[in-house]
Amino acid sequence: MAKSIKQKGNANVPSKNKFAESMYKISHRFSLFKVYDDFLTMSIAACTQNLETKLSWYEDEYLATIAHYKDSELRHEFPKAFANLIIEMEERTGSSQGNDVLGDFFEQNISNGRNGQFFTPFHICELMASLTCNDTVIEEEPKKDRPLRILDPSCGSGRMLMASHRVNGIGNEYYGIDIDRICVKMAAINLFLNGMWNSEVMCANSLMPDDFVISYHISFIPFGIFKIEDKEKSKLWHLHRNSFSKHEKKTNGALIELDNTPFSERSKDNSTQLDLF
Ligand SMILES: C[S@@+](CC[C@H](N)C(=O)[O-])C[C@H]1O[C@@H](n2cnc3c(N)ncnc32)[C@H](O)[C@@H]1O
């Protein structure tokens with residue numbers, strides 16, 4: 001299907017953004033933000049099937065999310081939106097603009113740069129990934145046989161990690177942290193749909209060593225995007241916290257103290273936009 005769309009026009013130019021069209025079509029009764037957030041929640045649930053029950057591992061959350069929508073929206077519009085997302089991602093795979101369809105939609109239609117949520121253009125991400133992960137840096141790693149662990153502590157939709165995956169290939173571990181819950185969901189779906197297994201995306205204030213709201217583990221076996229609600233079970237939370245203690249030793253134990261009240265809206269069940277100002 002993706003091929004037939006490509007053949008109609010110039011292969012370098014993506015087809016008209018059908019994913020955005022689908023989102024707008026559903027958003028006549030609710031805000032675009034809500035529809036998009038619900039779409040992300042449903043997509044995560046749909047990607048994470050319990051093979052025994054044949055239902056999603058997050059069936060309850062899925063049912064609570066779909067309860068607001070009409071049957072026609074659920075039967076036609078949301079599945080169409082997901083199909084359009086996959087088609088557009090596939091069309092853009094390997095292109096210089098990258099395949100972060102979710103991030104582009106969020107940036108252009110929802111965030112509009114609010115709270116610094118402009119994302120880095122993909123070709124710049126790719127350049128930065130090649131500079132950071134060049135042979136010299138990798139050779140300095142003490143254990144070369146271990147996978148690289150690559151972290152973006154303010155990952156947005158995860159495109160810096162996606163670019164790094166393109167540069168470094170499979171077998172490495174990709175970690176993203178973002179304070180904004182909707183960004184965390186986008187990044188988790190992006191990593192999953194790009195086959196970036198053994199990776200994790202955590203919702204937290206990355207300037208604070210202990211902060212944790214929720215995390216998503218991207219896994220091949222079992223297959224899916226798995227929520228981690230207990231910080232002790234999050235590999236990323238441990239890695240991130242340990243990186244602070246290393247840094248503290250280097251800087252004579254300097255402490256970073258932050259008032260976290262502006263971020264207090266974040267909760268396990270709701271996506272929030274940052275409110276920094
Ligand atoms: C300018 S965007 C960059 C996103 C991505 N790294 C990129 O290059 O496209 C900055 C991101 O940082 C997040 N952010 C801001 N303050 C943060 C904090 N203290 N901890 C974690 N994420 C934060 C925002 O939600 C936003 O998604």
# chains A, B, ... in the order shown; residues from 1 in each chain; ligands from 1
>>> closest_atom_pairs(of="chain A", to="ligand 1", cutoff="8 Å", atoms="only C-alpha atoms and all ligand atoms", output="tab-separated table")
residue	atom	partner	partner_atom_place_in_ligand_line	distance
A:Asn115	CA	ligand 1	24 (C)	7.0
A:Gly116	CA	ligand 1	1 (C)	5.0
A:Gln117	CA	ligand 1	2 (S)	4.5
A:Phe118	CA	ligand 1	1 (C)	4.8
A:Phe119	CA	ligand 1	9 (O)	3.4
A:Thr120	CA	ligand 1	9 (O)	4.0
A:Pro121	CA	ligand 1	9 (O)	7.0
A:Phe122	CA	ligand 1	9 (O)	7.9
A:Cys125	CA	ligand 1	8 (O)	6.8
A:Asp152	CA	ligand 1	6 (N)	6.2
A:Pro153	CA	ligand 1	21 (C)	6.0
A:Ser154	CA	ligand 1	12 (O)	3.9
A:Cys155	CA	ligand 1	6 (N)	4.0
A:Gly156	CA	ligand 1	27 (O)	3.5
A:Ser157	CA	ligand 1	5 (C)	6.5
A:Gly158	CA	ligand 1	5 (C)	6.2
A:Arg159	CA	ligand 1	9 (O)	5.7
A:Met160	CA	ligand 1	8 (O)	5.5
A:Ile177	CA	ligand 1	21 (C)	5.7
A:Asp178	CA	ligand 1	22 (N)	3.7
A:Ile179	CA	ligand 1	22 (N)	4.1
A:Asp180	CA	ligand 1	25 (O)	4.7
A:Cys183	CA	ligand 1	27 (O)	6.0
A:Cys203	CA	ligand 1	21 (C)	7.5
A:Ala204	CA	ligand 1	21 (C)	5.9
A:Asn205	CA	ligand 1	20 (N)	3.6
A:Ser206	CA	ligand 1	20 (N)	4.0
A:Leu207	CA	ligand 1	19 (N)	5.2
A:Met208	CA	ligand 1	19 (N)	7.7
A:Gln273	CA	ligand 1	25 (O)	7.8
A:Leu274	CA	ligand 1	25 (O)	6.5
>>> residues_around(residues="A:Ile170", least_positions_apart="3", cutoff="9 Å", atoms="only C-alpha atoms", output="ChimeraX atom specification")
/A:165-166,173,195-197
>>> closest_residue(among="A:Ser130, A:Thr93, A:Thr41, A:Ser22", to="A:His76", atoms="only C-alpha atoms")
A:Ser22
>>> closest_residue(among="A:Ala46, A:Ala20, A:Glu52, A:Asp104", to="A:Glu77", atoms="only C-alpha atoms")
A:Ala20
>>> closest_atom_pairs(of="stretch 5-122 of chain A", to="stretch 221-237 of chain A", cutoff="10 Å", atoms="only C-alpha atoms", output="JSON lines")
{"residue": "A:Ser43", "atom": "CA", "partner": "A:Ile225", "partner_atom": "CA", "distance": 9.8}
{"residue": "A:Ile44", "atom": "CA", "partner": "A:Ile225", "partner_atom": "CA", "distance": 6.4}
{"residue": "A:Ala45", "atom": "CA", "partner": "A:Ile225", "partner_atom": "CA", "distance": 8.0}
{"residue": "A:Ala46", "atom": "CA", "partner": "A:Gly224", "partner_atom": "CA", "distance": 8.9}
{"residue": "A:Cys47", "atom": "CA", "partner": "A:Gly224", "partner_atom": "CA", "distance": 5.5}
{"residue": "A:Thr48", "atom": "CA", "partner": "A:Gly224", "partner_atom": "CA", "distance": 4.3}
{"residue": "A:Gln49", "atom": "CA", "partner": "A:Gly224", "partner_atom": "CA", "distance": 7.1}
{"residue": "A:Asn50", "atom": "CA", "partner": "A:Pro222", "partner_atom": "CA", "distance": 9.0}
{"residue": "A:Leu51", "atom": "CA", "partner": "A:Pro222", "partner_atom": "CA", "distance": 9.3}
{"residue": "A:Ser56", "atom": "CA", "partner": "A:Gly224", "partner_atom": "CA", "distance": 9.8}
{"residue": "A:Trp57", "atom": "CA", "partner": "A:Phe226", "partner_atom": "CA", "distance": 8.4}
{"residue": "A:Tyr58", "atom": "CA", "partner": "A:Lys227", "partner_atom": "CA", "distance": 9.1}
>>> atom_distance(atom1="atom CA of A:Asn17", atom2="atom CA of A:Asn84")
8.5 Å
>>> select_by_dssp(residues="stretch 16-248 of chain A", states="helix (DSSP H, G or I)", output="number ranges by chain")
A: 18-26, 32-46, 59-66, 71-92, 101-111, 114-116, 122-132, 135-139, 159-168, 181-193, 231-233, 235-248
>>> residues_around(residues="A:Phe78", least_positions_apart="4", cutoff="12 Å", atoms="only C-alpha atoms", output="compact mmCIF listing (two decimals) with C-alpha atoms, in the first residue's frame")
# COMPACT_ATOMS: atom_id res chain seq x y z
CA PHE A 19 -2.29 11.09 9.85
CA ALA A 20 -2.94 14.73 10.74
CA GLU A 21 -6.16 14.64 8.73
CA SER A 22 -7.39 11.64 10.74
CA MET A 23 -6.63 13.37 14.04
CA TYR A 24 -8.52 16.52 13.02
CA LYS A 25 -11.46 14.44 11.78
CA ILE A 26 -11.96 12.93 15.25
CA SER A 27 -11.41 16.17 17.13
CA VAL A 35 -7.87 13.14 21.00
CA TYR A 36 -4.13 12.86 20.36
CA ASP A 38 -6.19 9.20 23.80
CA PHE A 39 -4.87 7.96 20.46
CA LEU A 40 -1.43 7.43 22.05
CA THR A 41 -2.94 5.61 25.05
CA MET A 42 -5.00 3.34 22.77
CA SER A 43 -1.99 2.66 20.54
CA ALA A 46 -3.08 -2.12 21.18
CA ILE A 66 -12.58 4.54 24.40
CA TYR A 69 -15.99 8.02 21.70
CA LYS A 70 -18.70 6.97 19.26
CA ASP A 71 -18.73 3.52 17.74
CA SER A 72 -17.97 4.92 14.26
CA GLU A 73 -14.91 6.75 15.57
CA LEU A 74 -13.64 3.61 17.24
CA PHE A 82 -3.06 4.20 13.24
CA ALA A 83 -2.81 2.80 9.70
CA ASN A 84 -1.92 6.26 8.36
CA LEU A 85 0.73 6.63 11.03
>>> select_by_dssp(residues="stretch 2-247 of chain A", states="strand (DSSP E or B)", output="PyMOL selection string")
chain A and resi 49-50+55-56+149-152+173-178+199-203+214-219+224-228
